[in-house]
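K.L.:
Pasting target_17.pdb below, which is PDB, C-alpha atoms.
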```
MODEL        1
ATOM      1  CA  MET D   1       9.280   2.977 -74.364
ATOM      2  CA  THR D   2       8.290   0.944 -71.302
ATOM      3  CA  VAL D   3       9.037   2.160 -67.795
ATOM      4  CA  ALA D   4       8.800   0.411 -64.416
ATOM      5  CA  PHE D   5       9.072   2.253 -61.116
ATOM      6  CA  ASP D   6       9.661   0.500 -57.798
ATOM      7  CA  GLU D   7       9.860   3.534 -55.493
ATOM      8  CA  ARG D   8       8.421   2.982 -52.009
ATOM      9  CA  GLU D   9       8.008  -0.720 -52.842
ATOM     10  CA  ARG D  10       4.937  -0.029 -55.010
ATOM     11  CA  LYS D  11       5.526  -0.989 -58.593
ATOM     12  CA  ILE D  12       4.159   1.375 -61.187
ATOM     13  CA  ASP D  13       4.117   0.104 -64.750
ATOM     14  CA  GLY D  14       4.365   2.686 -67.482
ATOM     15  CA  ALA D  15       4.159   2.655 -71.249
ATOM     16  CA  VAL D  16       4.757   5.517 -73.662
ATOM     17  CA  GLY D  17       3.667   5.517 -77.300
ATOM     18  CA  VAL D  18       0.553   4.562 -79.216
ATOM     19  CA  HIS D  19       1.823   1.103 -80.153
ATOM     20  CA  ARG D  20       2.766   0.294 -76.541
ATOM     21  CA  LEU D  21      -0.840   0.483 -75.319
ATOM     22  CA  PRO D  22      -3.593  -2.032 -75.977
ATOM     23  CA  GLU D  23      -6.292  -0.940 -78.392
ATOM     24  CA  SER D  24      -8.891  -1.354 -75.621
ATOM     25  CA  PHE D  25      -7.211   1.477 -73.683
ATOM     26  CA  ARG D  26      -6.475   3.685 -76.725
ATOM     27  CA  ALA D  27     -10.150   3.419 -77.680
ATOM     28  CA  LEU D  28     -11.112   5.341 -74.514
ATOM     29  CA  SER D  29      -9.636   8.537 -75.981
ATOM     30  CA  SER D  30     -11.811  10.870 -78.045
ATOM     31  CA  LEU D  31      -8.852  12.048 -80.138
ATOM     32  CA  SER D  32      -8.860  10.981 -83.798
ATOM     33  CA  VAL D  33      -5.115  11.703 -83.974
ATOM     34  CA  ILE D  34      -2.863  10.901 -81.002
ATOM     35  CA  ASP D  35       0.535  12.597 -81.064
ATOM     36  CA  TYR D  36       1.520  11.619 -77.530
ATOM     37  CA  VAL D  37       0.166   8.973 -75.166
ATOM     38  CA  ASP D  38       1.307   7.348 -71.970
ATOM     39  CA  ARG D  39      -0.293   5.120 -69.395
ATOM     40  CA  PHE D  40       0.855   4.453 -65.840
ATOM     41  CA  THR D  41      -0.705   1.693 -63.743
ATOM     42  CA  ILE D  42      -0.581   0.781 -60.067
ATOM     43  CA  ALA D  43      -1.797  -2.502 -58.589
ATOM     44  CA  THR D  44      -4.041  -1.903 -55.575
ATOM     45  CA  ASP D  45      -6.513  -3.602 -53.294
ATOM     46  CA  VAL D  46      -8.460  -0.344 -52.901
ATOM     47  CA  VAL D  47     -11.810  -0.368 -54.709
ATOM     48  CA  ALA D  48     -13.326   2.952 -55.806
ATOM     49  CA  SER D  49     -15.075   4.412 -58.833
ATOM     50  CA  PRO D  50     -12.973   5.872 -61.632
ATOM     51  CA  GLU D  51     -14.318   9.354 -60.787
ATOM     52  CA  ARG D  52     -13.280   8.950 -57.171
ATOM     53  CA  TRP D  53      -9.792   7.935 -58.321
ATOM     54  CA  ALA D  54      -9.646  10.945 -60.677
ATOM     55  CA  ARG D  55     -10.676  13.330 -57.885
ATOM     56  CA  ALA D  56      -8.104  11.736 -55.566
ATOM     57  CA  MET D  57      -5.458  12.319 -58.251
ATOM     58  CA  PHE D  58      -6.369  15.889 -59.200
ATOM     59  CA  GLY D  59      -8.935  17.239 -56.748
ATOM     60  CA  ASP D  60     -12.094  19.154 -57.484
ATOM     61  CA  VAL D  61     -10.159  22.259 -58.506
ATOM     62  CA  PRO D  62      -6.589  22.422 -59.807
ATOM     63  CA  SER D  63      -3.812  22.923 -57.275
ATOM     64  CA  PRO D  64      -1.461  25.897 -57.744
ATOM     65  CA  ALA D  65       1.131  23.572 -59.334
ATOM     66  CA  GLU D  66      -1.464  22.098 -61.702
ATOM     67  CA  ARG D  67      -2.680  25.605 -62.637
ATOM     68  CA  PHE D  68       0.922  26.613 -63.379
ATOM     69  CA  ILE D  69       1.498  23.606 -65.630
ATOM     70  CA  TRP D  70      -1.914  23.318 -67.274
ATOM     71  CA  ARG D  71      -2.866  26.993 -67.630
ATOM     72  CA  GLY D  72       0.518  28.698 -67.471
ATOM     73  CA  LEU D  73       2.763  26.434 -69.542
ATOM     74  CA  LEU D  74       0.213  24.612 -71.700
ATOM     75  CA  GLY D  75      -2.471  27.319 -71.948
ATOM     76  CA  ILE D  76      -5.216  24.784 -71.211
ATOM     77  CA  ARG D  77      -8.615  26.343 -70.639
ATOM     78  CA  LEU D  78      -9.982  24.963 -67.384
ATOM     79  CA  SER D  79     -13.383  25.448 -65.789
ATOM     80  CA  ARG D  80     -13.334  27.538 -62.657
ATOM     81  CA  GLY D  81     -14.682  26.362 -59.333
ATOM     82  CA  ARG D  82     -16.062  23.047 -58.178
ATOM     83  CA  SER D  83     -18.568  21.239 -60.323
ATOM     84  CA  PRO D  84     -19.944  17.708 -60.639
ATOM     85  CA  GLN D  85     -19.198  18.034 -64.390
ATOM     86  CA  THR D  86     -15.461  18.682 -63.919
ATOM     87  CA  VAL D  87     -12.396  17.289 -62.167
ATOM     88  CA  ALA D  88      -9.692  19.900 -61.463
ATOM     89  CA  GLY D  89     -11.202  22.085 -64.169
ATOM     90  CA  TRP D  90     -11.132  19.327 -66.815
ATOM     91  CA  ARG D  91     -14.573  18.522 -68.262
ATOM     92  CA  ILE D  92     -15.893  15.019 -67.627
ATOM     93  CA  ALA D  93     -16.565  14.068 -71.230
ATOM     94  CA  GLU D  94     -17.540  10.428 -70.954
ATOM     95  CA  ARG D  95     -17.468   7.505 -68.584
ATOM     96  CA  GLY D  96     -17.998   3.792 -68.489
ATOM     97  CA  GLU D  97     -18.339   1.289 -65.692
ATOM     98  CA  ASP D  98     -14.585   1.163 -65.049
ATOM     99  CA  TRP D  99     -13.256   4.360 -66.685
ATOM    100  CA  ILE D 100     -13.691   8.113 -66.965
ATOM    101  CA  ARG D 101     -12.365  10.521 -69.590
ATOM    102  CA  LEU D 102     -11.525  14.144 -68.835
ATOM    103  CA  GLU D 103     -11.042  16.613 -71.694
ATOM    104  CA  ALA D 104      -9.470  20.056 -72.019
ATOM    105  CA  ALA D 105      -7.728  22.087 -74.713
ATOM    106  CA  SER D 106      -5.547  25.094 -75.347
ATOM    107  CA  TRP D 107      -5.063  26.975 -78.593
ATOM    108  CA  PHE D 108      -2.217  24.621 -79.522
ATOM    109  CA  LEU D 109      -3.111  21.199 -78.093
ATOM    110  CA  THR D 110      -6.036  19.048 -77.020
ATOM    111  CA  GLY D 111      -5.829  16.568 -74.170
ATOM    112  CA  ASN D 112      -7.621  13.629 -72.616
ATOM    113  CA  LEU D 113      -6.880  12.218 -69.191
ATOM    114  CA  VAL D 114      -8.294   8.702 -68.849
ATOM    115  CA  VAL D 115      -8.584   6.971 -65.485
ATOM    116  CA  ARG D 116      -9.414   3.289 -65.518
ATOM    117  CA  ALA D 117     -10.032   1.241 -62.349
ATOM    118  CA  ALA D 118     -10.502  -2.483 -62.908
ATOM    119  CA  ASP D 119      -9.175  -5.871 -61.820
ATOM    120  CA  GLY D 120      -7.122  -4.572 -58.897
ATOM    121  CA  ARG D 121      -5.354  -1.958 -61.018
ATOM    122  CA  VAL D 122      -5.723   1.778 -61.545
ATOM    123  CA  SER D 123      -4.359   3.430 -64.678
ATOM    124  CA  LEU D 124      -3.901   7.043 -65.699
ATOM    125  CA  GLY D 125      -3.514   7.709 -69.392
ATOM    126  CA  THR D 126      -2.518  11.021 -70.942
ATOM    127  CA  PHE D 127      -3.475  11.511 -74.592
ATOM    128  CA  LEU D 128      -2.448  14.628 -76.520
ATOM    129  CA  ARG D 129      -3.029  15.956 -80.010
ATOM    130  CA  TYR D 130      -0.819  18.802 -81.178
ATOM    131  CA  ASP D 131      -3.146  21.295 -82.848
ATOM    132  CA  ARG D 132      -0.357  23.774 -83.673
ATOM    133  CA  TRP D 133       3.442  23.625 -83.982
ATOM    134  CA  LEU D 134       3.867  24.971 -80.429
ATOM    135  CA  GLY D 135       2.428  21.761 -78.947
ATOM    136  CA  ARG D 136       5.017  19.704 -80.812
ATOM    137  CA  LEU D 137       7.733  22.044 -79.519
ATOM    138  CA  LEU D 138       6.646  22.403 -75.853
ATOM    139  CA  TRP D 139       5.323  18.998 -74.849
ATOM    140  CA  PRO D 140       8.357  16.741 -75.494
ATOM    141  CA  PRO D 141      10.568  18.387 -72.828
ATOM    142  CA  LEU D 142       7.604  18.788 -70.465
ATOM    143  CA  SER D 143       6.656  15.137 -70.983
ATOM    144  CA  ALA D 144       9.882  14.046 -69.297
ATOM    145  CA  VAL D 145       8.819  15.908 -66.140
ATOM    146  CA  HIS D 146       5.270  14.583 -66.513
ATOM    147  CA  ARG D 147       6.511  10.973 -66.624
ATOM    148  CA  ARG D 148       8.502  11.506 -63.427
ATOM    149  CA  LEU D 149       5.493  13.017 -61.595
ATOM    150  CA  VAL D 150       2.724  10.569 -62.546
ATOM    151  CA  PRO D 151       3.898   7.623 -60.397
ATOM    152  CA  GLY D 152       3.708   9.884 -57.323
ATOM    153  CA  VAL D 153       0.255  11.060 -58.390
ATOM    154  CA  LEU D 154      -0.939   7.437 -58.470
ATOM    155  CA  ARG D 155       0.619   6.566 -55.106
ATOM    156  CA  ASP D 156      -0.782   9.692 -53.448
ATOM    157  CA  ALA D 157      -4.237   8.999 -54.905
ATOM    158  CA  GLU D 158      -4.151   5.452 -53.550
ATOM    159  CA  ALA D 159      -3.293   6.781 -50.089
ATOM    160  CA  LYS D 160      -6.168   9.325 -50.289
ATOM    161  CA  VAL D 161      -8.728   6.785 -51.448
ATOM    162  CA  ARG D 162      -7.560   4.284 -48.839
ATOM    163  CA  THR D 163      -7.805   6.893 -46.046
ATOM    164  CA  VAL D 164     -11.198   8.321 -47.015
ATOM    165  CA  ARG D 165     -13.403   5.250 -47.217
TER     166      ARG D 165
ENDMDL
END
```
Translate this file's structure into C-alpha cells.
P.N.:
Amino acid sequence: MTVAFDERERKIDGAVGVHRLPESFRALSSLSVIDYVDRFTIATDVVASPERWARAMFGDVPSPAERFIWRGLLGIRLSRGRSPQTVAGWRIAERGEDWIRLEAASWFLTGNLVVRAADGRVSLGTFLRYDRWLGRLLWPPLSAVHRRLVPGVLRDAEAKVRTVR
C-alpha cells in the first residue's frame, strides 16, 4: 500500500509493507522477522541530525498520549526519565551518519523506530515483530490510527527543528 498526504501543502509520502520499502531502509531494522513496517517521508530544507529529528518527533520523555499508546495499549517497556541513551523512553540501539534506530518491546511485540535524515528528506519507519498472538490481533486496527498520526508527527517535528536552530 502506498499513501500520499498533501495536508497543509506539505506532501508526505508513505509506504506500508516490507516489499514497498527499499532494502537499504529495511536493513536499518534489527528485527530478523518483520511482521509490520511502514515509512513516511517529508521533503525539507531543514538540516539536523537524525537524533535531533527523533527528539523533535517524540521528545526526551514520552508525552501522556504516547505513554497511553505505547505503555497502555501496547505494553511497551519504556525507560523512565531523560537520558542521552533514550528518546521518549525508547533505547537508542544504533546510529549511522544519517539514521538512528530506537528499540523497545512488550511481552507480545518488539519494535524499532528508524529516523533517517538525508538528501533533503526525513523519514520515520516503524518496524514491528509480533512475538505473541496478541500483537497480531492488536496492531492491525491500531496501525490505521498510527498511519493517520505519523504525517502530523513529521510536520510538527519539522516546525520544531526549524524554530529551534
K.L.:
Which of these, D:Gly72, D:Ser63, D:His146, D:Trp107, has the shortest distance to Arg132 (chain D) once you count only C-alpha atoms?
P.N.:
D:Trp107
K.L.:
Counting all atoms listed in the file, write as a ChimeraX atom specification all protein and nucleic acid residues lying at most 12 Å from (-13.7, 29.3, -64.6) in the file's frame.
P.N.:
/D:61-62,67,71,76-83,86,88-91
K.L.:
Could the residues in this selection be saved with C-alpha atoms as a CSV table (one decimal), in the frame of the given file?
P.N.:
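Saved as result-v8.csv:
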```csv
chain,number,residue,atom,x,y,z
D,61,VAL,CA,-10.2,22.3,-58.5
D,62,PRO,CA,-6.6,22.4,-59.8
D,67,ARG,CA,-2.7,25.6,-62.6
D,71,ARG,CA,-2.9,27.0,-67.6
D,76,ILE,CA,-5.2,24.8,-71.2
D,77,ARG,CA,-8.6,26.3,-70.6
D,78,LEU,CA,-10.0,25.0,-67.4
D,79,SER,CA,-13.4,25.4,-65.8
D,80,ARG,CA,-13.3,27.5,-62.7
D,81,GLY,CA,-14.7,26.4,-59.3
D,82,ARG,CA,-16.1,23.0,-58.2
D,83,SER,CA,-18.6,21.2,-60.3
D,86,THR,CA,-15.5,18.7,-63.9
D,88,ALA,CA,-9.7,19.9,-61.5
D,89,GLY,CA,-11.2,22.1,-64.2
D,90,TRP,CA,-11.1,19.3,-66.8
D,91,ARG,CA,-14.6,18.5,-68.3
```
K.L.:
Applying the PyMOL selection byres ((chain D and resi 50) around 7) to the file I just gave you, which residues come out? Please list them as a list of chain:residue names.
P.N.:
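Applied to this file, the PyMOL selection byres ((chain D and resi 50) around 7) returns D:Ala48, D:Ser49, D:Glu51, D:Arg52, D:Trp53, D:Ala54, D:Asp98, D:Trp99, D:Ile100, D:Val115, D:Arg116, D:Ala117.
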K.L.:
Here's the selection I'm unsure about, the PyMOL selection byres ((chain D and resi 158) around 9); applied to the file above, which residues does it give, as a PyMOL selection string?
P.N.:
chain D and resi 42+44+46+53+56-57+122+153-157+159-163
K.L.:
Given only C-alpha atoms as the basis, pick out the residue of D:Leu134, D:Leu109, D:Ala144, D:Val16 nearest to Trp70 (chain D).
P.N.:
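Once distances to Trp70 (chain D) are computed over only C-alpha atoms, the minimum belongs to D:Leu109.
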K.L.:
Reconstruct region 99-110 of chain D at the level of all heavy atoms, and format the result as a compact mmCIF listing (two decimals), keeping the file's coordinate frame.
P.N.:
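Contents of part-v7.txt, freshly written:
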```
# COMPACT_ATOMS: atom_id res chain seq x y z
N TRP D 99 -14.13 3.30 -66.19
CA TRP D 99 -13.26 4.36 -66.68
C TRP D 99 -13.98 5.70 -66.75
O TRP D 99 -15.21 5.76 -66.75
CB TRP D 99 -12.70 4.00 -68.07
CG TRP D 99 -13.76 3.83 -69.12
CD1 TRP D 99 -14.48 2.70 -69.39
CD2 TRP D 99 -14.26 4.83 -70.01
NE1 TRP D 99 -15.39 2.92 -70.39
CE2 TRP D 99 -15.27 4.22 -70.79
CE3 TRP D 99 -13.96 6.17 -70.23
CZ2 TRP D 99 -15.96 4.92 -71.78
CZ3 TRP D 99 -14.65 6.87 -71.22
CH2 TRP D 99 -15.64 6.24 -71.98
N ILE D 100 -13.18 6.75 -66.80
CA ILE D 100 -13.69 8.11 -66.96
C ILE D 100 -12.70 8.86 -67.83
O ILE D 100 -11.48 8.66 -67.73
CB ILE D 100 -13.90 8.81 -65.60
CG1 ILE D 100 -14.61 10.16 -65.77
CG2 ILE D 100 -12.58 8.99 -64.86
CD1 ILE D 100 -15.10 10.75 -64.45
N ARG D 101 -13.22 9.71 -68.73
CA ARG D 101 -12.36 10.52 -69.59
C ARG D 101 -12.60 12.01 -69.32
O ARG D 101 -13.73 12.48 -69.35
CB ARG D 101 -12.61 10.23 -71.06
CG ARG D 101 -11.63 11.03 -71.95
CD ARG D 101 -11.79 10.75 -73.43
NE ARG D 101 -13.08 11.19 -73.92
CZ ARG D 101 -14.00 10.39 -74.45
NH1 ARG D 101 -13.80 9.09 -74.55
NH2 ARG D 101 -15.14 10.89 -74.86
N LEU D 102 -11.51 12.70 -69.02
CA LEU D 102 -11.52 14.14 -68.83
C LEU D 102 -10.96 14.78 -70.09
O LEU D 102 -10.00 14.26 -70.68
CB LEU D 102 -10.67 14.53 -67.62
CG LEU D 102 -10.92 13.73 -66.34
CD1 LEU D 102 -9.96 14.16 -65.24
CD2 LEU D 102 -12.36 13.88 -65.88
N GLU D 103 -11.51 15.93 -70.49
CA GLU D 103 -11.04 16.61 -71.69
C GLU D 103 -10.80 18.08 -71.42
O GLU D 103 -11.55 18.71 -70.66
CB GLU D 103 -12.06 16.48 -72.83
CG GLU D 103 -12.26 15.07 -73.31
CD GLU D 103 -13.24 14.94 -74.47
OE1 GLU D 103 -13.87 15.96 -74.85
OE2 GLU D 103 -13.37 13.84 -74.99
N ALA D 104 -9.77 18.62 -72.07
CA ALA D 104 -9.47 20.06 -72.02
C ALA D 104 -8.60 20.38 -73.22
O ALA D 104 -8.00 19.49 -73.84
CB ALA D 104 -8.77 20.43 -70.72
N ALA D 105 -8.52 21.67 -73.55
CA ALA D 105 -7.73 22.09 -74.71
C ALA D 105 -7.15 23.47 -74.50
O ALA D 105 -7.63 24.25 -73.67
CB ALA D 105 -8.61 22.08 -75.96
N SER D 106 -6.11 23.75 -75.25
CA SER D 106 -5.55 25.09 -75.35
C SER D 106 -5.60 25.47 -76.82
O SER D 106 -6.14 24.71 -77.63
CB SER D 106 -4.10 25.12 -74.83
OG SER D 106 -3.22 24.49 -75.74
N TRP D 107 -5.04 26.59 -77.19
CA TRP D 107 -5.06 26.98 -78.59
C TRP D 107 -4.08 26.15 -79.41
O TRP D 107 -4.15 26.15 -80.64
CB TRP D 107 -4.81 28.47 -78.76
CG TRP D 107 -3.43 28.91 -78.36
CD1 TRP D 107 -3.02 29.28 -77.12
CD2 TRP D 107 -2.28 29.01 -79.21
NE1 TRP D 107 -1.68 29.62 -77.14
CE2 TRP D 107 -1.20 29.47 -78.42
CE3 TRP D 107 -2.05 28.77 -80.56
CZ2 TRP D 107 0.07 29.67 -78.92
CZ3 TRP D 107 -0.77 28.99 -81.06
CH2 TRP D 107 0.26 29.43 -80.25
N PHE D 108 -3.20 25.38 -78.75
CA PHE D 108 -2.22 24.62 -79.52
C PHE D 108 -2.19 23.12 -79.24
O PHE D 108 -1.46 22.39 -79.89
CB PHE D 108 -0.81 25.21 -79.37
CG PHE D 108 -0.27 25.23 -77.96
CD1 PHE D 108 0.41 24.15 -77.43
CD2 PHE D 108 -0.45 26.36 -77.16
CE1 PHE D 108 0.92 24.19 -76.14
CE2 PHE D 108 0.06 26.40 -75.88
CZ PHE D 108 0.74 25.31 -75.36
N LEU D 109 -3.01 22.64 -78.29
CA LEU D 109 -3.11 21.20 -78.09
C LEU D 109 -4.43 20.84 -77.43
O LEU D 109 -5.07 21.68 -76.81
CB LEU D 109 -1.93 20.62 -77.31
CG LEU D 109 -1.62 21.08 -75.89
CD1 LEU D 109 -2.51 20.40 -74.88
CD2 LEU D 109 -0.18 20.73 -75.58
N THR D 110 -4.81 19.59 -77.62
CA THR D 110 -6.04 19.05 -77.02
C THR D 110 -5.64 17.81 -76.23
O THR D 110 -4.82 17.01 -76.70
CB THR D 110 -7.06 18.67 -78.11
OG1 THR D 110 -7.36 19.84 -78.88
CG2 THR D 110 -8.34 18.11 -77.51
```
